[in-house]
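What follows is a short report on a single structure.
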Amino acid sequence: MRKLTPIRSSGNAAAPAAAGRRPAPELTAAPRDYTYDGTFEGLLTVLFTIYDWRAAPSSIQPEATAQTGLFAQPAHRETDEALATRVWDGLLKTMDHEARARLYHVFLSEDPERELLIFRYIDLALRTDRDISENYANADVRRIQRLAQQMFREKHRMEAFVRFEKSTDELFHATIDPDFDVLPLIAAHFTKRYADQRWLIYDRRRYYGLYYDLTHTDVVKFENSSAQTSTSVSATVLDEREPLFKLLWQSYFDHVNIPERKNLKLHRRHIPLRYWKYLSEKQPREMRFEPIRNKRPPRDPNLRLE
């Protein structure tokens, strides 16, 4: 278990003028295949190596899933935190904080070509004397922007639609299955919003989660990842009041719902079907909502409060 320290934007300060930069070195050596450990810091280490060796990448792949040719021997680069930090800080010489953070979001998108896409974007920025973040005539810039927007939407929806269940040991648990690796992006939101309770958010597709212990948020992994297939906690470890809380929420939702204003098409646009599995109000009703009849206003006008 390690402490979560995601790389993210810390402001919107503009990048320094390009005139003060040294030009990027020409990549004159023969192209190489690179592999790394699959972390963002590892990718930054590879980017440093590319310019250090003057060898453009034919491919950049995580070592665990790398596909290489019969005679090609990829160059594996071990993650170097110092070099990664140097590259990350150095990017601010060519782009602002927002554009730099966008590259991290693209990495989390798990796009099959994300590594080469990030490299091409950075290389273009290094060789251009102006800001490229809005140069939508370039296909890579458009692709970066589109992936970043998709990540933003997924992050926003996870923050809105995650529902916790309380276990017998006072732990609030939620299992999610997002399209993108958004856990590093939602950590700050849940840490701030639920600072007074212990919680765990587990990504069953990527076999890791976020655990908050009332002091800080950690990244946690489970040894038996194959067992983590359910979208809910086993009933044997749930707090005995959890079914009541679910029923009360469903009753509240039914009560405030206005059938005459139902617009299912608009509803699905704002809450796509794939998120319904997280929402208590979208689960089958074990008990239909009925108004409390003895709380209705009295019919006798002499008994009504004016």
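Please note that chains go A, B, ... in the order of the structure tokens, that every chain numbers its residues from 1, and that ligands are numbered from 1 in the order shown.
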
(message) Run DSSP on the backbone and tell me which residues of range 69-174 of chain A come out as helix (DSSP H, G or I); list them as a VMD selection string.
(response) chain A and resid 81 to 93 97 to 108 114 to 126 139 to 161

Using C-alpha atoms, can you write the selected residues to a file as a PDB file, in the first residue's frame?
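Below is the file that was written, out.pdb:
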ATOM      1  CA  GLU A  81      11.915   9.390 -10.292  1.00  0.00           C
ATOM      2  CA  ALA A  82      14.493  12.174 -10.605  1.00  0.00           C
ATOM      3  CA  LEU A  83      14.420  12.096 -14.412  1.00  0.00           C
ATOM      4  CA  ALA A  84      10.630  11.858 -14.431  1.00  0.00           C
ATOM      5  CA  THR A  85      10.368  14.942 -12.219  1.00  0.00           C
ATOM      6  CA  ARG A  86      12.864  16.765 -14.424  1.00  0.00           C
ATOM      7  CA  VAL A  87      10.789  16.044 -17.525  1.00  0.00           C
ATOM      8  CA  TRP A  88       7.492  16.886 -15.790  1.00  0.00           C
ATOM      9  CA  ASP A  89       8.791  20.247 -14.549  1.00  0.00           C
ATOM     10  CA  GLY A  90      10.494  20.953 -17.871  1.00  0.00           C
ATOM     11  CA  LEU A  91       7.220  20.640 -19.769  1.00  0.00           C
ATOM     12  CA  LEU A  92       6.151  23.980 -18.293  1.00  0.00           C
ATOM     13  CA  LYS A  93       8.738  25.635 -20.538  1.00  0.00           C
ATOM     14  CA  HIS A  97      -0.259  23.783 -16.306  1.00  0.00           C
ATOM     15  CA  GLU A  98      -3.593  22.932 -17.902  1.00  0.00           C
ATOM     16  CA  ALA A  99      -2.041  21.543 -21.087  1.00  0.00           C
ATOM     17  CA  ARG A 100       0.476  19.552 -19.059  1.00  0.00           C
ATOM     18  CA  ALA A 101      -2.252  18.050 -16.868  1.00  0.00           C
ATOM     19  CA  ARG A 102      -4.119  17.103 -20.049  1.00  0.00           C
ATOM     20  CA  LEU A 103      -1.228  14.797 -20.978  1.00  0.00           C
ATOM     21  CA  TYR A 104      -1.609  12.962 -17.666  1.00  0.00           C
ATOM     22  CA  HIS A 105      -5.324  12.580 -18.287  1.00  0.00           C
ATOM     23  CA  VAL A 106      -4.596  11.113 -21.730  1.00  0.00           C
ATOM     24  CA  PHE A 107      -2.253   8.597 -20.102  1.00  0.00           C
ATOM     25  CA  LEU A 108      -5.053   7.530 -17.729  1.00  0.00           C
ATOM     26  CA  ARG A 114      -1.428   6.958 -25.714  1.00  0.00           C
ATOM     27  CA  GLU A 115       2.373   6.750 -25.312  1.00  0.00           C
ATOM     28  CA  LEU A 116       3.206   7.678 -28.910  1.00  0.00           C
ATOM     29  CA  LEU A 117       0.425  10.267 -28.896  1.00  0.00           C
ATOM     30  CA  ILE A 118       1.920  11.968 -25.827  1.00  0.00           C
ATOM     31  CA  PHE A 119       5.397  11.831 -27.361  1.00  0.00           C
ATOM     32  CA  ARG A 120       4.245  13.397 -30.649  1.00  0.00           C
ATOM     33  CA  TYR A 121       2.396  16.158 -28.789  1.00  0.00           C
ATOM     34  CA  ILE A 122       5.434  16.980 -26.643  1.00  0.00           C
ATOM     35  CA  ASP A 123       7.800  16.834 -29.627  1.00  0.00           C
ATOM     36  CA  LEU A 124       5.547  19.214 -31.553  1.00  0.00           C
ATOM     37  CA  ALA A 125       5.479  21.594 -28.586  1.00  0.00           C
ATOM     38  CA  LEU A 126       9.282  21.485 -28.315  1.00  0.00           C
ATOM     39  CA  ALA A 139      -4.652  15.597 -35.617  1.00  0.00           C
ATOM     40  CA  ASP A 140      -2.651  14.818 -32.465  1.00  0.00           C
ATOM     41  CA  VAL A 141      -3.787  18.016 -30.763  1.00  0.00           C
ATOM     42  CA  ARG A 142      -7.410  17.192 -31.610  1.00  0.00           C
ATOM     43  CA  ARG A 143      -6.994  13.644 -30.301  1.00  0.00           C
ATOM     44  CA  ILE A 144      -5.412  14.855 -27.049  1.00  0.00           C
ATOM     45  CA  GLN A 145      -8.237  17.317 -26.523  1.00  0.00           C
ATOM     46  CA  ARG A 146     -10.941  14.726 -27.251  1.00  0.00           C
ATOM     47  CA  LEU A 147      -9.462  12.144 -24.853  1.00  0.00           C
ATOM     48  CA  ALA A 148      -9.064  14.780 -22.137  1.00  0.00           C
ATOM     49  CA  GLN A 149     -12.733  15.757 -22.529  1.00  0.00           C
ATOM     50  CA  GLN A 150     -13.801  12.112 -22.247  1.00  0.00           C
ATOM     51  CA  MET A 151     -11.727  11.765 -19.082  1.00  0.00           C
ATOM     52  CA  PHE A 152     -13.316  14.894 -17.619  1.00  0.00           C
ATOM     53  CA  ARG A 153     -16.825  13.551 -18.255  1.00  0.00           C
ATOM     54  CA  GLU A 154     -15.976  10.162 -16.732  1.00  0.00           C
ATOM     55  CA  LYS A 155     -14.428  11.825 -13.685  1.00  0.00           C
ATOM     56  CA  HIS A 156     -17.467  14.061 -13.200  1.00  0.00           C
ATOM     57  CA  ARG A 157     -19.899  11.155 -13.505  1.00  0.00           C
ATOM     58  CA  MET A 158     -17.958   8.962 -11.093  1.00  0.00           C
ATOM     59  CA  GLU A 159     -17.999  11.771  -8.542  1.00  0.00           C
ATOM     60  CA  ALA A 160     -21.754  12.113  -9.014  1.00  0.00           C
ATOM     61  CA  PHE A 161     -22.870   8.498  -9.296  1.00  0.00           C
TER      62      PHE A 161
END

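Counting only C-alpha atoms, Thr35 in chain A has the following residues at most 7 Å away, ignoring those fewer than 3 positions along the same chain: Ile60, Gln61, Pro62, Glu63, Pro74, Ala75, His76 and Arg77 of chain A.
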
(request) Have a look at A:Thr79, A:Ser133, A:Thr45, A:Thr94 and name the one nearest to Pro23 in chain A; count only C-alpha atoms. (result) A:Thr94

(request) Would you mind listing what lies within 8 Å of range 206-215 of chain A as a PyMOL selection string, with only C-alpha atoms counted and same-chain residues fewer than 6 positions away left out? (result) chain A and resi 181+183+187+191+195-200+221-222+225+228

For the residues selected in the previous step, produce a file with N, CA and C atoms as a PDB file, in the first residue's frame.
ATOM      1  N   ASP A 181      -9.275   4.955 -16.403  1.00  0.00           N
ATOM      2  CA  ASP A 181      -8.642   4.861 -15.081  1.00  0.00           C
ATOM      3  C   ASP A 181      -8.752   6.211 -14.373  1.00  0.00           C
ATOM      4  N   LEU A 183      -9.541   6.748 -11.017  1.00  0.00           N
ATOM      5  CA  LEU A 183      -9.348   6.795  -9.566  1.00  0.00           C
ATOM      6  C   LEU A 183      -8.374   7.899  -9.126  1.00  0.00           C
ATOM      7  N   ALA A 187      -9.754  11.065  -6.411  1.00  0.00           N
ATOM      8  CA  ALA A 187      -9.290  10.889  -5.034  1.00  0.00           C
ATOM      9  C   ALA A 187      -9.471  12.157  -4.201  1.00  0.00           C
ATOM     10  N   THR A 191     -11.848  12.489  -0.846  1.00  0.00           N
ATOM     11  CA  THR A 191     -11.111  12.749   0.391  1.00  0.00           C
ATOM     12  C   THR A 191     -11.649  13.990   1.086  1.00  0.00           C
ATOM     13  N   ALA A 195     -14.433  13.329   4.509  1.00  0.00           N
ATOM     14  CA  ALA A 195     -13.256  13.360   5.379  1.00  0.00           C
ATOM     15  C   ALA A 195     -13.521  12.805   6.767  1.00  0.00           C
ATOM     16  N   ASP A 196     -14.791  12.618   7.144  1.00  0.00           N
ATOM     17  CA  ASP A 196     -15.121  12.172   8.496  1.00  0.00           C
ATOM     18  C   ASP A 196     -15.467  10.689   8.567  1.00  0.00           C
ATOM     19  N   GLN A 197     -15.196   9.927   7.523  1.00  0.00           N
ATOM     20  CA  GLN A 197     -15.536   8.506   7.547  1.00  0.00           C
ATOM     21  C   GLN A 197     -14.531   7.703   6.730  1.00  0.00           C
ATOM     22  N   ARG A 198     -14.313   6.460   7.123  1.00  0.00           N
ATOM     23  CA  ARG A 198     -13.434   5.568   6.384  1.00  0.00           C
ATOM     24  C   ARG A 198     -14.167   5.043   5.155  1.00  0.00           C
ATOM     25  N   TRP A 199     -13.477   5.032   4.015  1.00  0.00           N
ATOM     26  CA  TRP A 199     -14.120   4.546   2.806  1.00  0.00           C
ATOM     27  C   TRP A 199     -13.119   3.858   1.879  1.00  0.00           C
ATOM     28  N   LEU A 200     -13.669   3.021   1.025  1.00  0.00           N
ATOM     29  CA  LEU A 200     -12.889   2.302   0.029  1.00  0.00           C
ATOM     30  C   LEU A 200     -13.642   2.334  -1.292  1.00  0.00           C
ATOM     31  N   LYS A 221      -4.124  -2.564  -3.358  1.00  0.00           N
ATOM     32  CA  LYS A 221      -4.346  -3.659  -4.304  1.00  0.00           C
ATOM     33  C   LYS A 221      -4.678  -4.912  -3.517  1.00  0.00           C
ATOM     34  N   PHE A 222      -5.481  -5.781  -4.129  1.00  0.00           N
ATOM     35  CA  PHE A 222      -5.874  -7.027  -3.490  1.00  0.00           C
ATOM     36  C   PHE A 222      -5.145  -8.179  -4.165  1.00  0.00           C
ATOM     37  N   SER A 225      -7.313 -10.868  -6.894  1.00  0.00           N
ATOM     38  CA  SER A 225      -8.092  -9.945  -7.720  1.00  0.00           C
ATOM     39  C   SER A 225      -9.227 -10.649  -8.449  1.00  0.00           C
ATOM     40  N   GLN A 228     -12.703 -10.360  -6.966  1.00  0.00           N
ATOM     41  CA  GLN A 228     -13.370  -9.064  -6.918  1.00  0.00           C
ATOM     42  C   GLN A 228     -14.197  -8.852  -8.170  1.00  0.00           C
TER      43      GLN A 228
END

(request) Could you please determine the separation between CA of Asp218 in chain A and CA of Ile271 in chain A in Å, to one decimal place? (result)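 If I compute the distance from CA of Asp218 in chain A to CA of Ile271 in chain A, I get 29.0 Å.
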
(message) I'd like to know which of A:Lys262, A:Thr65, A:Arg130, A:Ile50 is closest to Asp96 in chain A, using only C-alpha atoms.
(response)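 Counting only C-alpha atoms, the residue closest to Asp96 in chain A is A:Arg130.
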
(request) Could you please determine the separation between CA of Tyr34 in chain A and CA of Leu185 in chain A in Å, to one decimal place? (result) 27.1 Å

(request) Write down as a PyMOL selection string the residues belonging to range 20-219 of chain A that are assigned strand (DSSP E) by DSSP computed on the backbone. (result) chain A and resi 29-36+55-62+75-76+165-166+172-176+199-203+208-212+217-219
